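Below: coords16.pdb (PDB, C-alpha atoms)
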```pdb
ATOM      1  CA  MET A   1     168.608 150.688 195.865
ATOM      2  CA  ARG A   2     169.168 153.607 193.528
ATOM      3  CA  ILE A   3     166.360 156.103 193.427
ATOM      4  CA  GLY A   4     165.746 157.777 190.054
ATOM      5  CA  VAL A   5     165.617 161.562 189.939
ATOM      6  CA  ILE A   6     163.459 163.389 187.435
ATOM      7  CA  ILE A   7     165.270 166.439 186.125
ATOM      8  CA  SER A   8     163.022 169.182 184.798
ATOM      9  CA  ASP A   9     163.916 171.306 181.799
ATOM     10  CA  GLU A  10     161.926 174.174 183.287
ATOM     11  CA  PRO A  11     163.908 177.000 184.905
ATOM     12  CA  ARG A  12     163.545 177.680 188.614
ATOM     13  CA  ILE A  13     161.249 180.567 189.400
ATOM     14  CA  ASN A  14     160.427 182.658 192.463
ATOM     15  CA  ASP A  15     160.702 180.650 195.716
ATOM     16  CA  GLU A  16     162.354 177.753 193.881
ATOM     17  CA  ILE A  17     165.505 179.887 193.637
ATOM     18  CA  ARG A  18     167.426 179.007 196.825
ATOM     19  CA  VAL A  19     170.752 180.826 196.316
ATOM     20  CA  SER A  20     171.509 183.820 198.523
ATOM     21  CA  GLN A  21     172.316 186.244 195.696
ATOM     22  CA  VAL A  22     171.479 186.658 192.023
ATOM     23  CA  ARG A  23     172.604 188.933 189.237
ATOM     24  CA  LEU A  24     169.327 190.613 188.391
ATOM     25  CA  ILE A  25     168.163 191.666 184.929
ATOM     26  CA  GLY A  26     165.133 193.937 184.661
ATOM     27  CA  PRO A  27     162.104 193.223 182.451
ATOM     28  CA  ASN A  28     163.480 195.360 179.625
ATOM     29  CA  GLY A  29     166.972 193.853 179.739
ATOM     30  CA  GLU A  30     168.473 196.463 182.057
ATOM     31  CA  GLN A  31     171.308 195.279 184.304
ATOM     32  CA  VAL A  32     170.309 195.840 187.936
ATOM     33  CA  GLY A  33     173.368 194.125 189.402
ATOM     34  CA  VAL A  34     174.081 191.556 192.116
ATOM     35  CA  ILE A  35     171.515 191.716 194.899
ATOM     36  CA  ALA A  36     170.118 189.467 197.606
ATOM     37  CA  THR A  37     167.614 186.948 196.280
ATOM     38  CA  THR A  38     165.103 188.029 198.912
ATOM     39  CA  VAL A  39     165.306 191.608 197.628
ATOM     40  CA  ALA A  40     164.883 190.379 194.021
ATOM     41  CA  LEU A  41     161.807 188.370 195.039
ATOM     42  CA  ASN A  42     160.299 191.442 196.700
ATOM     43  CA  LEU A  43     160.938 193.468 193.530
ATOM     44  CA  ALA A  44     159.227 190.783 191.457
ATOM     45  CA  LYS A  45     156.155 190.852 193.704
ATOM     46  CA  GLU A  46     155.998 194.660 193.644
ATOM     47  CA  ALA A  47     156.173 194.650 189.823
ATOM     48  CA  ASN A  48     153.661 191.774 189.548
ATOM     49  CA  LEU A  49     156.311 189.751 187.705
ATOM     50  CA  ASP A  50     158.197 186.490 188.239
ATOM     51  CA  LEU A  51     161.834 186.041 189.176
ATOM     52  CA  VAL A  52     163.174 183.479 186.688
ATOM     53  CA  GLU A  53     166.637 181.896 186.860
ATOM     54  CA  VAL A  54     167.982 182.168 183.298
ATOM     55  CA  ALA A  55     171.645 181.200 183.891
ATOM     56  CA  PRO A  56     171.837 178.843 186.881
ATOM     57  CA  ASN A  57     175.516 177.962 186.360
ATOM     58  CA  ALA A  58     176.764 181.550 186.474
ATOM     59  CA  LYS A  59     178.476 182.882 189.610
ATOM     60  CA  PRO A  60     176.169 184.181 190.986
ATOM     61  CA  PRO A  61     173.228 182.810 188.992
ATOM     62  CA  VAL A  62     171.515 185.232 186.645
ATOM     63  CA  ALA A  63     167.801 185.869 187.173
ATOM     64  CA  LYS A  64     165.374 188.026 185.227
ATOM     65  CA  LEU A  65     162.102 189.745 186.015
ATOM     66  CA  ILE A  66     159.523 188.546 183.492
ATOM     67  CA  ASP A  67     155.878 187.544 183.202
ATOM     68  CA  TYR A  68     156.540 183.803 183.129
ATOM     69  CA  GLY A  69     153.007 182.889 182.053
ATOM     70  CA  LYS A  70     153.240 185.222 179.059
ATOM     71  CA  TYR A  71     156.729 183.897 178.261
ATOM     72  CA  LYS A  72     155.507 180.287 178.211
ATOM     73  CA  TYR A  73     152.537 181.257 176.049
ATOM     74  CA  ASN A  74     154.767 182.998 173.497
ATOM     75  CA  GLU A  75     157.132 180.015 173.407
ATOM     76  CA  LYS A  76     154.189 177.680 172.733
ATOM     77  CA  ILE A  77     152.988 179.929 169.885
ATOM     78  CA  LYS A  78     156.489 180.004 168.362
ATOM     79  CA  ALA A  79     156.797 176.214 168.534
ATOM     80  CA  ARG A  80     153.367 175.784 166.931
ATOM     81  CA  GLU A  81     154.223 178.184 164.093
ATOM     82  CA  ALA A  82     157.559 176.441 163.529
ATOM     83  CA  ARG A  83     155.808 173.091 163.169
ATOM     84  CA  ARG A  84     153.205 174.613 160.852
ATOM     85  CA  ASN A  85     155.841 176.173 158.602
ATOM     86  CA  GLN A  86     157.835 172.983 158.187
ATOM     87  CA  SER A  87     157.673 171.413 154.773
ATOM     88  CA  THR A  88     155.104 168.621 154.679
ATOM     89  CA  ALA A  89     156.267 167.260 151.331
ATOM     90  CA  GLU A  90     155.942 163.514 150.882
ATOM     91  CA  ILE A  91     157.315 161.179 148.235
ATOM     92  CA  LYS A  92     154.593 159.631 146.114
ATOM     93  CA  GLU A  93     155.261 156.727 143.762
ATOM     94  CA  ILE A  94     153.808 156.160 140.307
ATOM     95  CA  ARG A  95     154.570 152.945 138.403
ATOM     96  CA  PHE A  96     154.584 152.546 134.623
ATOM     97  CA  ARG A  97     154.906 149.558 132.356
ATOM     98  CA  LEU A  98     157.293 150.017 129.454
ATOM     99  CA  LYS A  99     154.547 149.184 126.933
ATOM    100  CA  ILE A 100     151.964 151.523 128.446
ATOM    101  CA  ASP A 101     149.280 152.755 126.037
ATOM    102  CA  ALA A 102     148.656 156.459 125.382
ATOM    103  CA  HIS A 103     145.495 156.649 127.498
ATOM    104  CA  ASP A 104     147.078 155.088 130.587
ATOM    105  CA  PHE A 105     150.127 157.314 130.151
ATOM    106  CA  GLU A 106     147.926 160.429 130.231
ATOM    107  CA  VAL A 107     146.065 159.163 133.297
ATOM    108  CA  LYS A 108     149.274 158.495 135.221
ATOM    109  CA  LYS A 109     150.760 161.787 134.039
ATOM    110  CA  GLY A 110     147.713 163.501 135.543
ATOM    111  CA  HIS A 111     148.446 161.821 138.873
ATOM    112  CA  VAL A 112     152.055 163.026 138.712
ATOM    113  CA  ILE A 113     150.942 166.603 138.031
ATOM    114  CA  ARG A 114     148.431 166.466 140.906
ATOM    115  CA  PHE A 115     151.112 165.284 143.342
ATOM    116  CA  LEU A 116     153.560 167.963 142.207
ATOM    117  CA  GLU A 117     150.922 170.679 142.513
ATOM    118  CA  GLY A 118     150.254 169.448 146.035
ATOM    119  CA  GLY A 119     153.911 170.046 146.929
ATOM    120  CA  ASP A 120     154.984 166.382 146.968
ATOM    121  CA  LYS A 121     157.925 164.737 145.276
ATOM    122  CA  VAL A 122     157.164 161.903 142.873
ATOM    123  CA  LYS A 123     159.176 158.730 142.388
ATOM    124  CA  VAL A 124     158.412 157.396 138.918
ATOM    125  CA  THR A 125     159.223 153.731 138.372
ATOM    126  CA  ILE A 126     159.340 151.884 135.053
ATOM    127  CA  MET A 127     158.969 148.150 135.694
ATOM    128  CA  LEU A 128     160.847 146.037 133.150
ATOM    129  CA  ARG A 129     159.812 142.520 132.241
ATOM    130  CA  GLY A 130     161.904 139.715 130.789
ATOM    131  CA  ARG A 131     163.915 140.866 127.782
ATOM    132  CA  GLU A 132     163.024 144.505 128.488
ATOM    133  CA  GLN A 133     165.751 144.460 131.169
ATOM    134  CA  SER A 134     168.410 144.127 128.467
ATOM    135  CA  ARG A 135     167.076 147.173 126.606
ATOM    136  CA  PRO A 136     166.432 149.802 129.300
ATOM    137  CA  ILE A 137     166.816 152.695 126.842
ATOM    138  CA  GLY A 138     163.084 152.560 126.123
ATOM    139  CA  GLY A 139     162.336 153.111 129.817
ATOM    140  CA  VAL A 140     164.725 156.044 129.985
ATOM    141  CA  GLU A 141     163.076 157.625 126.961
ATOM    142  CA  LEU A 142     159.629 157.175 128.527
ATOM    143  CA  LEU A 143     160.745 158.893 131.734
ATOM    144  CA  GLU A 144     162.372 161.724 129.792
ATOM    145  CA  LYS A 145     159.126 162.177 127.856
ATOM    146  CA  LEU A 146     157.189 162.366 131.133
ATOM    147  CA  ALA A 147     159.644 164.869 132.619
ATOM    148  CA  ASP A 148     159.337 167.034 129.522
ATOM    149  CA  GLU A 149     155.540 167.024 129.643
ATOM    150  CA  VAL A 150     155.314 167.956 133.344
ATOM    151  CA  GLN A 151     158.153 170.518 133.309
ATOM    152  CA  ASP A 152     155.725 173.332 134.194
ATOM    153  CA  TYR A 153     155.001 171.582 137.494
ATOM    154  CA  GLY A 154     158.231 169.851 138.479
ATOM    155  CA  THR A 155     161.897 169.368 137.793
ATOM    156  CA  VAL A 156     164.046 166.249 137.634
ATOM    157  CA  GLU A 157     165.694 165.799 141.019
ATOM    158  CA  SER A 158     167.140 162.365 140.267
ATOM    159  CA  ALA A 159     167.802 161.442 136.631
ATOM    160  CA  PRO A 160     166.564 158.091 135.308
ATOM    161  CA  LYS A 161     168.735 155.192 136.448
ATOM    162  CA  GLN A 162     168.340 151.439 136.437
ATOM    163  CA  GLU A 163     167.999 149.637 139.745
ATOM    164  CA  GLY A 164     167.611 145.910 139.236
ATOM    165  CA  ARG A 165     164.486 145.314 137.156
ATOM    166  CA  ASN A 166     163.317 148.923 137.442
ATOM    167  CA  ILE A 167     164.272 152.294 136.055
ATOM    168  CA  ILE A 168     163.660 155.107 138.536
ATOM    169  CA  MET A 169     163.416 158.894 138.272
ATOM    170  CA  THR A 170     162.474 161.408 140.981
ATOM    171  CA  LEU A 171     160.603 164.645 140.268
ATOM    172  CA  ALA A 172     160.429 167.553 142.696
ATOM    173  CA  PRO A 173     157.817 170.347 142.792
ATOM    174  CA  LYS A 174     158.913 173.423 140.939
ATOM    175  CA  GLY A 175     160.142 176.446 142.882
ATOM    176  CA  LYS A 176     157.749 177.783 145.474
ATOM    177  CA  LYS A 177     155.331 174.892 145.079
ATOM    178  CA  VAL A 178     157.267 172.929 147.681
ATOM    179  CA  HIS A 179     156.394 175.352 150.436
ATOM    180  CA  THR A 180     153.253 177.032 149.114
ATOM    181  CA  GLN A 181     150.230 176.661 151.377
ATOM    182  CA  SER A 182     146.717 176.158 150.123
ATOM    183  CA  GLU A 183     144.439 179.192 149.912
ATOM    184  CA  GLN A 184     142.514 177.983 152.933
ATOM    185  CA  ARG A 185     145.662 177.666 155.019
ATOM    186  CA  ARG A 186     146.811 181.094 153.845
ATOM    187  CA  ARG A 187     143.573 182.710 154.977
ATOM    188  CA  GLY A 188     143.847 180.873 158.273
ATOM    189  CA  ALA A 189     147.398 182.184 158.749
ATOM    190  CA  GLU A 190     146.249 185.744 158.059
ATOM    191  CA  SER A 191     143.429 185.379 160.572
ATOM    192  CA  ARG A 192     145.844 184.066 163.197
ATOM    193  CA  ALA A 193     148.235 186.924 162.493
ATOM    194  CA  GLU A 194     145.450 189.451 163.060
ATOM    195  CA  ARG A 195     144.488 187.835 166.356
ATOM    196  CA  GLN A 196     148.096 187.755 167.461
ATOM    197  CA  ALA A 197     148.518 191.421 166.537
ATOM    198  CA  ARG A 198     145.542 192.350 168.707
ATOM    199  CA  GLN A 199     146.929 190.253 171.537
ATOM    200  CA  ALA A 200     150.352 191.857 171.135
ATOM    201  CA  ALA A 201     148.808 195.320 171.373
ATOM    202  CA  ARG A 202     147.045 194.423 174.621
ATOM    203  CA  LEU A 203     150.186 192.812 176.015
ATOM    204  CA  ALA A 204     152.267 195.833 175.035
ATOM    205  CA  ALA A 205     149.961 198.096 177.030
ATOM    206  CA  LYS A 206     150.216 195.744 179.982
ATOM    207  CA  GLN A 207     153.993 195.545 179.617
ATOM    208  CA  GLU A 208     154.313 199.319 179.598
ATOM    209  CA  SER A 209     152.503 199.439 182.921
ATOM    210  CA  LYS A 210     154.773 196.737 184.325
ATOM    211  CA  ALA A 211     157.859 198.521 183.027
ATOM    212  CA  LYS A 212     156.917 201.584 185.027
ATOM    213  CA  ALA A 213     156.498 199.418 188.087
ATOM    214  CA  ALA A 214     159.859 197.774 187.430
ATOM    215  CA  GLN A 215     161.534 201.185 187.150
ATOM    216  CA  ALA A 216     160.077 202.100 190.494
ATOM    217  CA  ALA A 217     161.391 198.812 191.864
ATOM    218  CA  LYS A 218     164.864 199.558 190.488
ATOM    219  CA  GLU A 219     164.853 202.912 192.195
ATOM    220  CA  ALA A 220     163.835 201.164 195.408
ATOM    221  CA  VAL A 221     166.831 198.825 195.050
ATOM    222  CA  ALA A 222     169.146 201.778 194.618
ATOM    223  CA  SER A 223     167.709 203.327 197.743
ATOM    224  CA  VAL A 224     168.241 200.087 199.696
ATOM    225  CA  GLU A 225     171.835 199.803 198.475
ATOM    226  CA  GLN A 226     172.564 203.410 199.445
ATOM    227  CA  LYS A 227     171.288 202.749 202.950
ATOM    228  CA  GLU A 228     173.427 199.603 203.203
ATOM    229  CA  ASP A 229     176.525 201.532 202.062
ATOM    230  CA  LYS A 230     176.116 204.202 204.746
ATOM    231  CA  PRO A 231     178.343 203.516 207.795
ATOM    232  CA  SER A 232     176.368 202.890 210.969
ATOM    233  CA  LYS A 233     176.918 205.456 213.775
TER
END
```
What's the structure tokens form of this structure?
Amino acid sequence: MRIGVIISDEPRINDEIRVSQVRLIGPNGEQVGVIATTVALNLAKEANLDLVEVAPNAKPPVAKLIDYGKYKYNEKIKAREARRNQSTAEIKEIRFRLKIDAHDFEVKKGHVIRFLEGGDKVKVTIMLRGREQSRPIGGVELLEKLADEVQDYGTVESAPKQEGRNIIMTLAPKGKKVHTQSEQRRRGAESRAERQARQAARLAAKQESKAKAAQAAKEAVASVEQKEDKPSK
């Protein structure tokens, strides 16, 4: 019987790293060099950091001293912001009859404008009946009239074209409207940015303290290597 193995996407950290040597990178990107993994683990503990394997396939594997909890937190924040900043535009559909009266036209035009202002694309469909299918020019003219009257809010992305019994045109929000957030979302983003700035300031102070500890650890490594290089009497 074949036993399934679950492979984690998470890097190996600290005692999970079983190789005898690693190429160590300090917390600020400094190249420490190839050292015993046990020595690297001791340096991580002294600096109150984690030893994280960042290039497991290298010879020897590359490991870095970082605050893994902080790293995971920052990655989560980045992923959340990326999802928030993605365009949420949808395609709405509005249907017209060729012989629509002026009042209904204005009502449906209002819906089109509302969708465009909300950042959504609009698919406008003229439904042709019976003999109207043989004279689609009237539908094209109606769509062109609509496009002209909403030009302050959207542009024609797909020109009017006949598809079976329908004539279809697609309008897209104009310029920045596609990606513009509402005022409420904007204020929320500013508030989050302020909180993140305060957090960054606190983390920077903490990181400075850890950097000093890491420098001391690097000096300790140099001392160990010097002792190892001295010939025994």
Near-Ile17 of chain A list (12 Å; all atoms listed in the file; drop same-chain fewer than 4 positions) as a VMD selection string: chain A and resid 11 to 13 21 to 22 36 to 38 40 to 41 50 to 56 60 to 64
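Distance annotation: of A:Ala193, A:Leu43, A:Ala205, A:Ala58, the residue with the minimal separation from Val19 of chain A is A:Ala58; atom set is only C-alpha atoms.
Nearest to Ser209 of chain A of all the residues A:Gln196, A:Asn48, A:Gln31, A:Asn14 is A:Asn48, based on only C-alpha atoms.
With atom CA of Lys121 of chain A on one side and atom CA of Thr170 of chain A on the other, the separation reads 7.1 Å.
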The PyMOL selection byres ((chain A and resi 113) around 12) resolved against shown file, as a VMD selection string: chain A and resid 92 94 106 to 112 114 to 122 124 146 to 155 171 to 174 177
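Distance-wise, atom CA of Val140 of chain A and atom CA of Gln162 of chain A end up 8.7 Å apart.
The space separating atom CA of Gly33 of chain A from atom CA of Gly69 of chain A comes to 24.4 Å.
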Residue among A:Met169, A:Ala47, A:Leu24, A:Met127 lying closest to Lys212 of chain A, counting all atoms listed in the file: A:Ala47
Residues in the PyMOL selection byres ((chain A and resi 165) around 9), expressed as a PyMOL selection string: chain A and resi 126-130+132-133+162-164+166-167
Restricting the output to C-alpha atoms, write the selected residues as a short mmCIF file (atom, residue, chain, number, x, y, z; two decimals), in the coordinates of the input.
```cif
data_model
loop_
_atom_site.label_atom_id
_atom_site.label_comp_id
_atom_site.auth_asym_id
_atom_site.auth_seq_id
_atom_site.Cartn_x
_atom_site.Cartn_y
_atom_site.Cartn_z
CA ILE A 126 159.34 151.88 135.05
CA MET A 127 158.97 148.15 135.69
CA LEU A 128 160.85 146.04 133.15
CA ARG A 129 159.81 142.52 132.24
CA GLY A 130 161.90 139.72 130.79
CA GLU A 132 163.02 144.50 128.49
CA GLN A 133 165.75 144.46 131.17
CA GLN A 162 168.34 151.44 136.44
CA GLU A 163 168.00 149.64 139.74
CA GLY A 164 167.61 145.91 139.24
CA ASN A 166 163.32 148.92 137.44
CA ILE A 167 164.27 152.29 136.06
#
```
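Between Val221 of chain A and the candidates A:Val39, A:Ala79, A:Ile100, A:Leu142, the tightest atom-to-atom separation, counting all atoms listed in the file, involves A:Val39.
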Residue nearest Ala222 of chain A among A:Val32, A:Ile25, A:Tyr73, A:Glu16 (counting only C-alpha atoms): A:Val32
Given the PyMOL selection byres ((chain A and resi 214) around 8), the residues it picks as a count of residues only: 13
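Restricting the calculation to all atoms listed in the file, the smallest distance between Leu65 of chain A and any of A:Arg202, A:Arg23, A:Arg131, A:Arg95 is found for A:Arg23.
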Please define a box with edges along x, y and z of the file around all atoms of segment 154-168 of chain A given in the file, extend it by 3 Å on each side, and return its centre and edge lengths in Å to one decimal, as JSON.
```
{"center_x": 163.5, "center_y": 157.6, "center_z": 138.2, "size_x": 16.5, "size_y": 30.5, "size_z": 11.7}
```
